[in-house]
file protein.csv (CSV, C-alpha atoms and all ligand atoms)
chain,number,residue,atom,x,y,z
C,4,MET,CA,-2.0,-25.9,43.3
C,5,LYS,CA,0.0,-29.1,44.0
C,6,THR,CA,3.6,-29.6,42.9
C,7,VAL,CA,5.0,-33.1,42.5
C,8,THR,CA,8.3,-34.7,41.4
C,9,THR,CA,8.0,-38.5,41.4
C,10,LEU,CA,5.9,-40.6,39.0
C,11,ALA,CA,4.1,-42.1,42.0
C,12,GLU,CA,3.1,-38.6,43.3
C,13,LEU,CA,2.1,-37.5,39.9
C,14,ARG,CA,-0.2,-40.6,39.4
C,15,SER,CA,-2.0,-40.3,42.7
C,16,ALA,CA,-2.4,-36.5,42.3
C,17,ARG,CA,-3.6,-36.9,38.7
C,18,ALA,CA,-6.1,-39.6,39.7
C,19,ALA,CA,-7.8,-37.1,42.1
C,20,LEU,CA,-8.4,-34.5,39.4
C,21,PRO,CA,-11.7,-34.2,37.7
C,22,GLY,CA,-11.7,-34.5,33.9
C,23,PRO,CA,-11.5,-33.5,31.1
C,24,LEU,CA,-7.8,-32.9,31.9
C,25,GLY,CA,-5.7,-30.4,29.9
C,26,PHE,CA,-1.9,-30.6,29.8
C,27,VAL,CA,0.7,-28.0,29.0
C,28,PRO,CA,4.3,-29.3,28.7
C,29,THR,CA,7.0,-26.7,29.1
C,30,MET,CA,10.7,-26.2,29.7
C,31,GLY,CA,10.0,-23.5,32.2
C,32,TYR,CA,11.2,-19.9,32.4
C,33,LEU,CA,7.6,-19.1,31.7
C,34,HIS,CA,6.3,-16.1,29.9
C,35,ALA,CA,2.9,-14.9,28.6
C,36,GLY,CA,3.1,-17.4,25.7
C,37,HIS,CA,3.1,-20.4,28.1
C,38,ILE,CA,0.4,-18.8,30.2
C,39,SER,CA,-1.8,-18.2,27.1
C,40,LEU,CA,-1.8,-22.0,26.6
C,41,VAL,CA,-2.7,-22.5,30.3
C,42,GLU,CA,-5.6,-20.1,29.8
C,43,LEU,CA,-6.8,-22.0,26.8
C,44,ALA,CA,-6.6,-25.2,28.7
C,45,LYS,CA,-8.5,-23.6,31.6
C,46,GLN,CA,-11.3,-22.6,29.2
C,47,GLN,CA,-11.6,-26.1,27.7
C,48,CYS,CA,-10.9,-28.4,30.6
C,49,LYS,CA,-11.9,-29.0,34.3
C,50,SER,CA,-8.3,-29.6,35.4
C,51,VAL,CA,-5.0,-28.3,34.1
C,52,VAL,CA,-1.6,-30.0,34.6
C,53,VAL,CA,1.7,-28.3,33.6
C,54,SER,CA,5.1,-30.0,33.4
C,55,ILE,CA,8.4,-28.2,33.6
C,56,PHE,CA,11.4,-30.2,32.3
C,57,VAL,CA,14.4,-28.9,30.5
C,58,ASN,CA,14.8,-32.0,28.2
C,59,PRO,CA,18.5,-32.7,27.6
C,60,ALA,CA,17.7,-35.0,24.7
C,61,GLN,CA,16.4,-32.2,22.5
C,62,PHE,CA,19.5,-30.1,22.8
C,63,GLY,CA,22.4,-30.7,20.4
C,64,PRO,CA,26.0,-30.9,21.7
C,65,ASN,CA,26.7,-27.3,20.8
C,66,GLU,CA,23.4,-25.9,22.0
C,67,ASP,CA,22.4,-24.0,25.2
C,68,LEU,CA,21.3,-26.8,27.6
C,69,SER,CA,23.5,-25.8,30.6
C,70,ALA,CA,22.8,-22.1,30.0
C,71,TYR,CA,19.0,-22.6,29.4
C,72,PRO,CA,17.3,-20.1,31.7
C,73,ARG,CA,15.6,-21.5,34.8
C,74,ASP,CA,13.6,-19.9,37.6
C,75,ILE,CA,11.3,-22.5,39.2
C,76,PRO,CA,10.0,-20.3,42.1
C,77,ARG,CA,8.9,-17.6,39.7
C,78,ASP,CA,7.4,-20.2,37.3
C,79,LEU,CA,5.4,-21.8,40.2
C,80,GLN,CA,4.0,-18.4,41.2
C,81,MET,CA,2.9,-17.7,37.6
C,82,LEU,CA,1.2,-21.1,37.4
C,83,GLN,CA,-0.5,-20.6,40.7
C,84,ASP,CA,-1.8,-17.2,39.6
C,85,ALA,CA,-3.0,-18.7,36.4
C,86,GLY,CA,-5.1,-21.3,38.3
C,87,VAL,CA,-3.1,-24.5,37.4
C,88,ASP,CA,-4.1,-27.5,39.5
C,89,LEU,CA,-1.0,-29.6,39.3
C,90,VAL,CA,2.7,-29.0,38.3
C,91,TRP,CA,5.0,-31.9,37.6
C,92,LEU,CA,8.7,-31.3,37.8
C,93,PRO,CA,10.2,-34.6,36.8
C,94,THR,CA,13.9,-35.3,37.3
C,95,PRO,CA,16.2,-36.3,34.5
C,96,GLU,CA,16.6,-39.8,36.1
C,97,THR,CA,12.8,-40.3,35.9
C,98,MET,CA,12.6,-39.3,32.2
C,99,TYR,CA,15.9,-41.1,31.3
C,100,PRO,CA,16.5,-44.0,33.6
C,101,PRO,CA,19.9,-45.6,33.6
C,102,GLY,CA,20.3,-47.7,30.5
C,103,PHE,CA,17.7,-45.8,28.6
C,104,GLN,CA,17.4,-46.9,25.0
C,105,THR,CA,13.8,-46.4,23.8
C,106,TRP,CA,13.5,-43.5,21.3
C,107,ILE,CA,10.7,-42.2,19.1
C,108,ASP,CA,11.9,-41.3,15.7
C,109,LEU,CA,9.6,-39.7,13.1
C,110,GLU,CA,10.8,-39.9,9.5
C,111,GLU,CA,10.2,-37.4,6.7
C,112,ILE,CA,8.5,-34.7,8.8
C,113,THR,CA,11.6,-34.2,11.0
C,114,GLN,CA,14.0,-33.9,8.0
C,115,PRO,CA,13.4,-30.2,6.8
C,116,LEU,CA,13.5,-26.9,8.6
C,117,GLU,CA,14.4,-27.1,12.4
C,118,GLY,CA,15.1,-30.9,12.0
C,119,GLY,CA,17.6,-30.2,9.2
C,120,MET,CA,19.4,-27.6,11.3
C,121,ARG,CA,19.2,-29.5,14.6
C,122,PRO,CA,19.8,-33.2,14.0
C,123,GLY,CA,18.3,-35.3,16.8
C,124,HIS,CA,16.2,-32.5,18.1
C,125,PHE,CA,12.8,-33.9,17.2
C,126,ARG,CA,13.8,-37.4,18.4
C,127,GLY,CA,14.3,-35.8,21.8
C,128,VAL,CA,11.1,-33.9,21.6
C,129,ALA,CA,8.9,-36.8,20.4
C,130,THR,CA,10.4,-39.2,23.0
C,131,VAL,CA,9.9,-36.8,26.0
C,132,VAL,CA,6.4,-35.7,24.9
C,133,ALA,CA,5.4,-39.4,24.5
C,134,LYS,CA,6.7,-40.1,28.0
C,135,LEU,CA,4.9,-37.0,29.4
C,136,PHE,CA,1.6,-38.1,27.7
C,137,ASN,CA,2.0,-41.6,29.1
C,138,ALA,CA,2.5,-40.3,32.6
C,139,VAL,CA,-0.1,-37.6,32.7
C,140,GLY,CA,-2.8,-39.2,30.5
C,141,PRO,CA,-4.4,-35.9,29.4
C,142,ASP,CA,-7.6,-35.5,27.3
C,143,LYS,CA,-6.2,-32.5,25.5
C,144,ALA,CA,-2.6,-31.3,25.2
C,145,TYR,CA,-1.6,-27.7,24.3
C,146,PHE,CA,1.2,-26.5,22.1
C,147,GLY,CA,2.2,-23.1,20.7
C,148,GLN,CA,2.1,-22.3,17.0
C,149,LYS,CA,5.5,-20.6,17.7
C,150,ASP,CA,7.1,-24.0,17.2
C,151,ALA,CA,5.2,-24.9,14.0
C,152,GLN,CA,7.3,-28.0,13.1
C,153,GLN,CA,7.0,-29.3,16.7
C,154,VAL,CA,3.2,-29.1,16.3
C,155,ALA,CA,3.3,-31.1,13.1
C,156,VAL,CA,5.6,-33.7,14.6
C,157,ILE,CA,3.5,-34.1,17.7
C,158,LYS,CA,0.3,-34.3,15.7
C,159,ARG,CA,1.8,-37.0,13.5
C,160,MET,CA,3.1,-39.0,16.5
C,161,VAL,CA,-0.4,-38.8,18.2
C,162,LEU,CA,-1.9,-40.3,15.1
C,163,ASP,CA,0.8,-42.9,14.5
C,164,LEU,CA,0.9,-44.1,18.1
C,165,ASN,CA,-2.9,-43.8,18.7
C,166,PHE,CA,-2.5,-41.6,21.8
C,167,PRO,CA,-6.1,-41.1,23.0
C,168,LEU,CA,-5.9,-37.3,23.2
C,169,GLU,CA,-6.5,-34.2,21.2
C,170,ILE,CA,-3.7,-31.7,20.3
C,171,ILE,CA,-4.8,-28.0,20.7
C,172,VAL,CA,-2.6,-25.3,19.1
C,173,GLY,CA,-2.5,-21.8,20.6
C,174,PRO,CA,-1.5,-18.7,18.6
C,175,THR,CA,2.0,-17.2,18.9
C,176,GLN,CA,2.1,-14.5,21.6
C,177,ARG,CA,4.2,-11.4,20.8
C,178,GLU,CA,5.7,-8.3,22.3
C,179,ALA,CA,4.1,-5.0,21.2
C,180,ASP,CA,6.8,-4.6,18.5
C,181,GLY,CA,6.0,-8.1,17.1
C,182,LEU,CA,8.9,-10.1,18.6
C,183,ALA,CA,7.5,-13.6,19.4
C,184,LEU,CA,7.8,-14.3,23.2
C,185,SER,CA,10.6,-16.8,23.9
C,186,SER,CA,12.6,-17.9,26.9
C,187,ARG,CA,15.6,-17.3,24.7
C,188,ASN,CA,14.9,-13.5,24.2
C,189,LYS,CA,16.6,-12.9,27.6
C,190,TYR,CA,20.0,-13.7,25.9
C,191,LEU,CA,19.6,-10.7,23.5
C,192,SER,CA,21.7,-7.6,24.1
C,193,GLU,CA,19.8,-4.3,24.0
C,194,ALA,CA,20.9,-3.7,20.4
C,195,GLU,CA,19.9,-7.3,19.4
C,196,ARG,CA,16.6,-7.0,21.1
C,197,ALA,CA,15.9,-3.8,19.2
C,198,ALA,CA,16.8,-5.6,15.9
C,199,ALA,CA,14.8,-8.8,16.6
C,200,PRO,CA,11.4,-7.7,15.5
C,201,VAL,CA,12.7,-7.8,11.9
C,202,LEU,CA,11.6,-11.5,11.9
C,203,HIS,CA,8.0,-10.6,12.3
C,204,ARG,CA,8.3,-7.7,9.9
C,205,ALA,CA,9.7,-10.0,7.2
C,206,LEU,CA,6.8,-12.4,7.8
C,207,LEU,CA,4.3,-9.6,7.5
C,208,ALA,CA,6.0,-8.3,4.3
C,209,ALA,CA,5.7,-11.8,2.8
C,210,GLN,CA,2.0,-12.1,3.9
C,211,ALA,CA,1.3,-8.7,2.3
C,212,ALA,CA,2.9,-9.9,-1.0
C,213,TYR,CA,0.8,-13.1,-0.8
C,214,ALA,CA,-2.3,-11.0,-0.2
C,215,ALA,CA,-1.4,-8.9,-3.3
C,216,GLY,CA,-1.3,-12.1,-5.4
C,217,GLU,CA,2.3,-13.4,-5.2
C,218,ARG,CA,2.2,-17.2,-5.2
C,219,GLY,CA,5.9,-18.0,-5.9
C,220,GLY,CA,7.7,-19.7,-3.1
C,221,ALA,CA,11.1,-18.5,-4.2
C,222,ALA,CA,9.9,-14.9,-4.5
C,223,LEU,CA,8.5,-15.0,-0.9
C,224,ARG,CA,11.7,-16.6,0.4
C,225,ALA,CA,13.8,-13.9,-1.3
C,226,LEU,CA,11.5,-11.2,0.0
C,227,MET,CA,11.9,-12.4,3.6
C,228,GLN,CA,15.6,-13.0,3.3
C,229,SER,CA,16.2,-9.4,2.0
C,230,ALA,CA,14.0,-7.9,4.7
C,231,ILE,CA,16.0,-9.6,7.4
C,232,GLU,CA,19.3,-8.8,5.8
C,233,HIS,CA,18.5,-5.1,6.1
C,234,GLU,CA,19.1,-5.6,9.8
C,235,PRO,CA,22.9,-5.7,10.2
C,236,LEU,CA,22.8,-7.7,13.5
C,237,ALA,CA,20.7,-10.5,12.0
C,238,ARG,CA,22.3,-13.6,10.4
C,239,VAL,CA,19.8,-15.7,8.5
C,240,GLN,CA,20.1,-19.5,9.0
C,241,TYR,CA,17.1,-20.4,6.8
C,242,VAL,CA,13.9,-18.9,5.4
C,243,SER,CA,11.2,-21.2,4.2
C,244,CYS,CA,7.9,-21.2,2.3
C,245,ALA,CA,6.7,-24.8,2.8
C,246,ASP,CA,3.7,-27.0,2.4
C,247,LEU,CA,1.6,-27.0,5.5
C,248,LEU,CA,1.5,-30.8,5.8
C,249,THR,CA,4.7,-32.2,4.4
C,250,LEU,CA,6.9,-29.1,5.2
C,251,HIS,CA,8.5,-29.5,1.8
C,252,GLU,CA,9.6,-26.2,0.1
C,253,LEU,CA,7.0,-24.9,-2.4
C,254,ASP,CA,7.6,-23.6,-5.9
C,255,THR,CA,4.0,-22.4,-6.1
C,256,ILE,CA,1.5,-21.9,-3.4
C,257,THR,CA,-1.8,-23.5,-4.2
C,258,ASN,CA,-3.1,-24.6,-0.9
C,259,GLY,CA,-1.7,-22.3,1.8
C,260,ALA,CA,1.8,-22.4,3.2
C,261,LEU,CA,3.9,-22.2,6.3
C,262,LEU,CA,6.4,-19.2,6.2
C,263,SER,CA,9.2,-19.8,8.7
C,264,MET,CA,12.7,-18.8,9.6
C,265,ALA,CA,15.6,-19.2,11.9
C,266,VAL,CA,17.9,-16.2,12.5
C,267,TYR,CA,20.9,-15.6,14.7
C,268,PHE,CA,21.5,-12.5,16.7
C,269,GLY,CA,25.0,-13.0,18.0
C,270,LYS,CA,24.8,-16.5,19.6
C,271,THR,CA,21.1,-16.4,20.1
C,272,ARG,CA,19.0,-18.3,17.6
C,273,LEU,CA,15.4,-17.1,17.1
C,274,ILE,CA,12.6,-18.8,15.1
C,275,ASP,CA,9.3,-17.4,14.0
C,276,ASN,CA,6.6,-18.4,11.5
C,277,LEU,CA,3.2,-17.4,10.0
C,278,ILE,CA,0.6,-19.5,8.2
C,279,LEU,CA,-0.7,-18.3,4.8
C,280,ASP,CA,-4.1,-19.9,4.1
C,301,LIG,P1,9.0,-24.3,25.7
C,301,LIG,O1,9.0,-24.0,27.2
C,301,LIG,O2,9.9,-23.4,24.9
C,301,LIG,O3,9.3,-25.8,25.4
C,301,LIG,O4,7.5,-24.0,25.2
C,301,LIG,C1,6.4,-24.7,25.8
C,301,LIG,C2,5.2,-24.5,25.0
C,301,LIG,O5,4.9,-23.1,24.9
C,301,LIG,C3,5.4,-25.0,23.5
C,301,LIG,O6,4.2,-25.6,23.1
C,301,LIG,C4,5.7,-23.7,22.8
C,301,LIG,O7,5.3,-23.8,21.4
C,301,LIG,C5,4.8,-22.7,23.5
C,301,LIG,N1,5.2,-21.3,23.3
C,301,LIG,C6,6.5,-20.9,23.4
C,301,LIG,N2,6.6,-19.6,23.0
C,301,LIG,C7,5.3,-19.2,22.7
C,301,LIG,C8,4.7,-18.0,22.3
C,301,LIG,N3,5.4,-16.9,22.1
C,301,LIG,N4,3.3,-18.0,22.0
C,301,LIG,C9,2.6,-19.2,22.2
C,301,LIG,N5,3.1,-20.3,22.6
C,301,LIG,C10,4.4,-20.3,22.9
call {"tool": "encode", "arguments": {"input": "protein.csv", "output": "structure tokens", "more": "lines below"}}
Ligand code: AMP
result
Amino acid sequence: MKTVTTLAELRSARAALPGPLGFVPTMGYLHAGHISLVELAKQQCKSVVVSIFVNPAQFGPNEDLSAYPRDIPRDLQMLQDAGVDLVWLPTPETMYPPGFQTWIDLEEITQPLEGGMRPGHFRGVATVVAKLFNAVGPDKAYFGQKDAQQVAVIKRMVLDLNFPLEIIVGPTQREADGLALSSRNKYLSEAERAAAPVLHRALLAAQAAYAAGERGGAALRALMQSAIEHEPLARVQYVSCADLLTLHELDTITNGALLSMAVYFGKTRLIDNLILD
């Protein structure tokens, strides 16, 4: 496995790799969710490139950029064990050269849900992902369903900007008790960690109600909200039952739905989602 930092090193290492090329962008502090995307890429592609970059532009002023967990030696060992060919660790100066002023802003799709709660977040995500795509030039790029709106935003951007690549979405990887794997889980206290699987339980309760015939968006939102509120350490920021394409809240489900939520445990904000189809 080769590890590179500069654009020039990336370009020459990338040129030597046989295609098709799979690409997994990450912010590091890797877990089995990231590795599942690497494994998917390994199955479908001849070569796999992973980037690790904690992107300042997608963190809000009151978010956890400086505290975001980092452990590059451990990440590199995990990627080597997973059979990755090339790891790119760009510097902030490469991604945001002095005087930087070129941003990618998507419109409606970034307004609801995470975009509503985290203004500017998807501008940072779309801009950095476009730059990573330009530099790496993958045939397929891999994203986790865990970040459902991110997937919708990136797919829209790929269509709108004619990126010559395919977006592949991997399923959310979970702990045995249902908690979605996340680099942020390490912030949870023992009691918060014990409480956190309530997100998944709420999603499963809504899925069961849907399977039993419930089609009301408000009813499913209320059901998830009250399931989470049973857990005293959980503070709901939003629960949503939204259209799969527009992400607008639904009154009635006719064509599937995205159930999603953001919930605080102390200062730690966790998200989760599930697709009804
Ligand atoms: P991050 O390092 O948080 O930016 O995540 C990098 C990629 O891993 C994104 O495409 C995430 O959606 C994906 N990812 C994060 N957590 C999980 C998970 N539990 N299961 C599957 N994919 C995940």
call {"tool": "closest_residue", "arguments": {"input": "protein.csv", "among": "C:Val172, C:Ile256, C:Val139, C:Ala85", "to": "Arg14 (chain C)", "atoms": "only C-alpha atoms"}}
result
C:Val139
call {"tool": "residues_near_ligand", "arguments": {"input": "protein.csv", "ligand": "ligand LIG 301 (chain C)", "cutoff": "7 Å", "atoms": "all atoms listed in the file", "output": "JSON, numbers by chain"}}
result
{"C": [27, 28, 29, 30, 31, 32, 33, 36, 37, 39, 40, 145, 146, 147, 148, 149, 150, 173, 174, 175, 176, 177, 183, 184, 185, 186]}
call {"tool": "residues_around", "arguments": {"input": "protein.csv", "residues": "region 179-182 of chain C", "least_positions_apart": "4", "cutoff": "7 Å", "atoms": "only C-alpha atoms", "output": "ChimeraX atom specification"}}
result
/C:199-200,203
call {"tool": "closest_residue", "arguments": {"input": "protein.csv", "among": "C:Ala155, C:Leu92, C:Leu207, C:Ala60", "to": "Arg126 (chain C)", "atoms": "all atoms listed in the file"}}
result
C:Ala60
call {"tool": "residues_around", "arguments": {"input": "protein.csv", "residues": "Gln80 (chain C)", "least_positions_apart": "2", "cutoff": "12 Å", "atoms": "all atoms listed in the file", "output": "mmCIF file with C-alpha atoms, keeping the file's coordinate frame"}}
result
data_model
loop_
_atom_site.group_PDB
_atom_site.id
_atom_site.type_symbol
_atom_site.label_atom_id
_atom_site.label_comp_id
_atom_site.auth_asym_id
_atom_site.auth_seq_id
_atom_site.Cartn_x
_atom_site.Cartn_y
_atom_site.Cartn_z
ATOM 1 C CA MET C 4 -2.000 -25.900 43.300
ATOM 2 C CA LYS C 5 0.000 -29.100 44.000
ATOM 3 C CA THR C 6 3.600 -29.600 42.900
ATOM 4 C CA GLY C 31 10.000 -23.500 32.200
ATOM 5 C CA TYR C 32 11.200 -19.900 32.400
ATOM 6 C CA LEU C 33 7.600 -19.100 31.700
ATOM 7 C CA HIS C 34 6.300 -16.100 29.900
ATOM 8 C CA ILE C 38 0.400 -18.800 30.200
ATOM 9 C CA ASP C 74 13.600 -19.900 37.600
ATOM 10 C CA ILE C 75 11.300 -22.500 39.200
ATOM 11 C CA PRO C 76 10.000 -20.300 42.100
ATOM 12 C CA ARG C 77 8.900 -17.600 39.700
ATOM 13 C CA ASP C 78 7.400 -20.200 37.300
ATOM 14 C CA LEU C 82 1.200 -21.100 37.400
ATOM 15 C CA GLN C 83 -0.500 -20.600 40.700
ATOM 16 C CA ASP C 84 -1.800 -17.200 39.600
ATOM 17 C CA ALA C 85 -3.000 -18.700 36.400
ATOM 18 C CA GLY C 86 -5.100 -21.300 38.300
ATOM 19 C CA VAL C 87 -3.100 -24.500 37.400
ATOM 20 C CA VAL C 90 2.700 -29.000 38.300
#
call {"tool": "atom_distance", "arguments": {"input": "protein.csv", "atom1": "CA of Thr113 (chain C)", "atom2": "CA of Ala222 (chain C)"}}
result
24.8 Å
call {"tool": "closest_residue", "arguments": {"input": "protein.csv", "among": "C:Tyr267, C:Phe62, C:Tyr213, C:Phe26", "to": "Leu135 (chain C)", "atoms": "only C-alpha atoms"}}
result
C:Phe26
call {"tool": "closest_residue", "arguments": {"input": "protein.csv", "among": "C:Gln153, C:Thr257, C:Thr130, C:Ala194", "to": "Gln104 (chain C)", "atoms": "all atoms listed in the file"}}
result
C:Thr130
call {"tool": "closest_residue", "arguments": {"input": "protein.csv", "among": "C:Leu20, C:Met81, C:Ala209, C:Leu168", "to": "Val51 (chain C)", "atoms": "all atoms listed in the file"}}
result
C:Leu20
call {"tool": "residues_around", "arguments": {"input": "protein.csv", "residues": "Leu191 (chain C)", "least_positions_apart": "4", "cutoff": "8 Å", "atoms": "all atoms listed in the file", "output": "ChimeraX atom specification"}}
result
/C:187,195-196,268,271
call {"tool": "atom_distance", "arguments": {"input": "protein.csv", "atom1": "CA of Asn276 (chain C)", "atom2": "CA of Gly119 (chain C)"}}
result
16.3 Å
call {"tool": "residues_around", "arguments": {"input": "protein.csv", "residues": "Gly259 (chain C)", "least_positions_apart": "2", "cutoff": "9 Å", "atoms": "only C-alpha atoms", "output": "list in words"}}
result
Ala245, Asp246, Leu247, Ile256, Thr257, Leu261, Ile278, Leu279 and Asp280 of chain C
call {"tool": "residues_near_point", "arguments": {"input": "protein.csv", "point": "(19.9, -7.3, 8.2)", "cutoff": "12 Å", "atoms": "all atoms listed in the file", "output": "mmCIF file with C-alpha atoms, in the coordinates of the input"}}
result
data_model
loop_
_atom_site.group_PDB
_atom_site.id
_atom_site.type_symbol
_atom_site.label_atom_id
_atom_site.label_comp_id
_atom_site.auth_asym_id
_atom_site.auth_seq_id
_atom_site.Cartn_x
_atom_site.Cartn_y
_atom_site.Cartn_z
ATOM 1 C CA GLU C 195 19.900 -7.300 19.400
ATOM 2 C CA ALA C 198 16.800 -5.600 15.900
ATOM 3 C CA ALA C 199 14.800 -8.800 16.600
ATOM 4 C CA PRO C 200 11.400 -7.700 15.500
ATOM 5 C CA VAL C 201 12.700 -7.800 11.900
ATOM 6 C CA LEU C 202 11.600 -11.500 11.900
ATOM 7 C CA ARG C 204 8.300 -7.700 9.900
ATOM 8 C CA ALA C 205 9.700 -10.000 7.200
ATOM 9 C CA MET C 227 11.900 -12.400 3.600
ATOM 10 C CA GLN C 228 15.600 -13.000 3.300
ATOM 11 C CA SER C 229 16.200 -9.400 2.000
ATOM 12 C CA ALA C 230 14.000 -7.900 4.700
ATOM 13 C CA ILE C 231 16.000 -9.600 7.400
ATOM 14 C CA GLU C 232 19.300 -8.800 5.800
ATOM 15 C CA HIS C 233 18.500 -5.100 6.100
ATOM 16 C CA GLU C 234 19.100 -5.600 9.800
ATOM 17 C CA PRO C 235 22.900 -5.700 10.200
ATOM 18 C CA LEU C 236 22.800 -7.700 13.500
ATOM 19 C CA ALA C 237 20.700 -10.500 12.000
ATOM 20 C CA ARG C 238 22.300 -13.600 10.400
ATOM 21 C CA VAL C 239 19.800 -15.700 8.500
ATOM 22 C CA VAL C 266 17.900 -16.200 12.500
ATOM 23 C CA TYR C 267 20.900 -15.600 14.700
ATOM 24 C CA PHE C 268 21.500 -12.500 16.700
#
call {"tool": "atom_distance", "arguments": {"input": "protein.csv", "atom1": "CA of Leu13 (chain C)", "atom2": "CA of Ala138 (chain C)"}}
result
7.8 Å
call {"tool": "residues_around", "arguments": {"input": "protein.csv", "residues": "Trp91 (chain C)", "least_positions_apart": "5", "cutoff": "6 Å", "atoms": "only C-alpha atoms", "output": "VMD selection string"}}
result
chain C and resid 6 to 8 54
call {"tool": "closest_residue", "arguments": {"input": "protein.csv", "among": "C:Arg218, C:Arg159, C:Lys189, C:His251", "to": "Leu109 (chain C)", "atoms": "all atoms listed in the file"}}
result
C:Arg159
